[in-house]
Each structure stands twice: as C-alpha cells, then as structure tokens.
Amino acid sequence: VKKHKVSCIDPFDKSKEAEEIGVEYYPMFDMMSFLSDLDVVIIAVPMIEFEDVVSKLPVDKLRGKLVVEVCPLNSHPKSVMLQNFGPDVDILCSNPMFGPSLSDNNESPSPVSWDGLPMIYEKVRIADMRRCDKFLSIFERERCQMVEMTAEQHDASTSDAEFVTHLTGRLLDRQLLPPTPVMSKEYAALCDVADMTAADSFDLFYGMFKYNSRAKDLLKKMRENIAKVERQLAAKEAYLAASAEMKNNDRKQLIEECKILLREVASSSNIAAKVEEKDGKPAESKITETSQKES
C-alpha cells in the first residue's frame, strides 16, 4: 500500500477498513470507476464463487490489464479465466501460501515477515512481461520463496496437503487447544495451524474440498485413522485391565496358599506340642516313684 495505489471493491461496505490501511474503497455498483485506472486486477474470492464473479466482470474494461487469481487451487480458476477472457487480457495464476493471519495481523508489535514463505505462480498468458515481473517483484522484495509451475503441477503437488492442513486446523479448535503457560514446539505448531485456518472462511475450505477429486478419499482416510486410534486405545485399555485383574487374582491365590501353609504349620506345631507334653508327664512320674523307693 505504501508503494502502490491500491483500490478494492466488495459487496459489503469495507470503507472503514480500507481507510485504516490507506486503500480506496468502491461499492459494487461502481465497478466501472474501480477498473478504470488499474494496471493489475487481483480476484480474491472463494473458489466456489470464482466462476460467477468472473462471468459478471465487464470484459471490455479488462483489456490491456493483468488479471491475477490467488486461489488455493489453480486449475479451476485458470480454466475459468481462459474461457471468459480474450487474448488481450493477461492472466497470472498464483497461490501466496500464507493467509490473512499473516498479512492482517494488527496486534503484532513488529512487522510480519514473508521471508521464506512460498509464492507459487504460473504466467498463463502474458503480453506485458515487464508489468507481470513488476507485480511478482513485490513478493521477491519480501524474500518470498518464488516457485514457478503450471496450475496442474501446483494442484497435483499441494492440493492434498492444503486440504489435510485446513481439515486438521478445523478439527483442532481452541476448545481442544487451550492456552498453557508452557508449551512444546509440537503443541505450538498445532496452535498455529488452528489459528491459521480460523482466519479463513469456510467457503475457502469448501472450495478445497469441491475442486480436489481426492478430498473425499482423504476425508475417509482421516475417519479411518481416528477409528483405528480409538480401537488401539480400547484394546490397550482392555489388555491393561485384564493384566491387572490376573495379577490381582494371582495375588489372592498366593495369599490363600500362604494362609493354608501357615495354618498347616500352626496345626503341626500344636500336634508336636501335645505329643511332647504327653510323653513328658509319665517320664516325670516314673522318676518320682523311683526316688521314693530308694528313700
């Protein structure tokens, strides 16, 4: 915003938010004025709305401009733009792999860095290469990791990972991840994933599901993995309970055997004492009688 003139248009009134960051806001009914003096038009809408939005754009006002899409999957937007825009409209597919949680963090005391974050792009159809390179240089200056690949290559290599990441983030809401005074790196990473996905709309997530042919299989695999973990936990719990019971039964049996042994020892001791007492009395009488005769 500091180095470029930036304008935005939205069906909702964003005039206050736009003014706060130095952006000029246009309402939807003023589309012609919005497009009149732009060099680059960035379409930032959920994938499920992309085709509808593009079909309603005044194509004659886009001639000679660079149109950029920033969806998490690129094959569908690429196809839509090629179908709707003529050869006099430049097309750039891109996926800046960082969301609003990084670009719109007003609570952070220090500027948010894009250093090392991936910026995927494809120059689908470019007549004005200088303008396209100038646009991409915005991300280069912020030290993003610039990766050029086709939309099809991008989707094949990242669509599954993007869907699973957002699915995991939506499963791990803040009720499952309460704040703690001390946290491990792994716990902090999970919190980051949950925070990142919480900043994105459900429409964006649904687009990842709808336009990824493997999304249903991934969702099924996630359910199977959760069920597998539950079975493992139940089996371990049952095993430990059975082991404890067996040990308890063995202990009881050992105690009973000890009691029996002690009773047998006690009984043997009583019998021996009685025998000794019985054998001792006649002997004493006999000695007494002999002594009296001698006297």
# chains A, B, ... in the order shown; residues from 1 in each chain; ligands from 1

call {"tool": "residues_around", "arguments": {"residues": "Val80 (chain A)", "least_positions_apart": "4", "cutoff": "10 Å", "atoms": "only C-alpha atoms", "output": "JSON, numbers by chain"}}
result
{"A": [50, 51, 52, 54, 55, 75, 76, 84, 85]}

call {"tool": "select_by_dssp", "arguments": {"residues": "region 62-139 of chain A", "states": "strand (DSSP E or B)", "output": "list of chain:residue names"}}
result
A:Leu66, A:Val67, A:Val68, A:Glu69, A:Asp90, A:Ile91, A:Leu92, A:Cys93, A:Ser94, A:Asn95, A:Pro96, A:Pro118, A:Met119, A:Ile120, A:Tyr121, A:Glu122, A:Lys123, A:Val124, A:Arg125

call {"tool": "atom_distance", "arguments": {"atom1": "CA of Tyr206 (chain A)", "atom2": "CA of Gly169 (chain A)"}}
result
13.7 Å

call {"tool": "select_by_dssp", "arguments": {"residues": "region 8-46 of chain A", "states": "helix (DSSP H, G or I)", "output": "ChimeraX atom specification"}}
result
/A:15-20,28-36

call {"tool": "closest_residue", "arguments": {"among": "A:Leu177, A:Leu35, A:Leu92, A:Ala44", "to": "Asp128 (chain A)", "atoms": "only C-alpha atoms"}}
result
A:Leu92

call {"tool": "residues_around", "arguments": {"residues": "region 7-22 of chain A", "least_positions_apart": "4", "cutoff": "8 Å", "atoms": "only C-alpha atoms", "output": "list of chain:residue names"}}
result
A:Val1, A:Tyr26, A:Pro27, A:Met28, A:Met31, A:Phe34

call {"tool": "residues_around", "arguments": {"residues": "region 213-218 of chain A", "least_positions_apart": "4", "cutoff": "9 Å", "atoms": "only C-alpha atoms", "output": "PyMOL selection string"}}
result
chain A and resi 159-160+163-164+208-209+222-223

call {"tool": "atom_distance", "arguments": {"atom1": "CA of Arg131 (chain A)", "atom2": "CA of Ser36 (chain A)"}}
result
17.1 Å

call {"tool": "closest_residue", "arguments": {"among": "A:Glu49, A:Asp90, A:Glu152, A:Asp133", "to": "Leu204 (chain A)", "atoms": "only C-alpha atoms"}}
result
A:Glu49

call {"tool": "atom_distance", "arguments": {"atom1": "CA of Cys191 (chain A)", "atom2": "CA of Ile138 (chain A)"}}
result
29.2 Å

call {"tool": "closest_residue", "arguments": {"among": "A:Asp250, A:Glu142, A:Glu256, A:Glu24", "to": "His4 (chain A)", "atoms": "only C-alpha atoms"}}
result
A:Glu24

call {"tool": "closest_residue", "arguments": {"among": "A:Leu219, A:Leu171, A:Ala194, A:Met149", "to": "Met119 (chain A)", "atoms": "only C-alpha atoms"}}
result
A:Met149
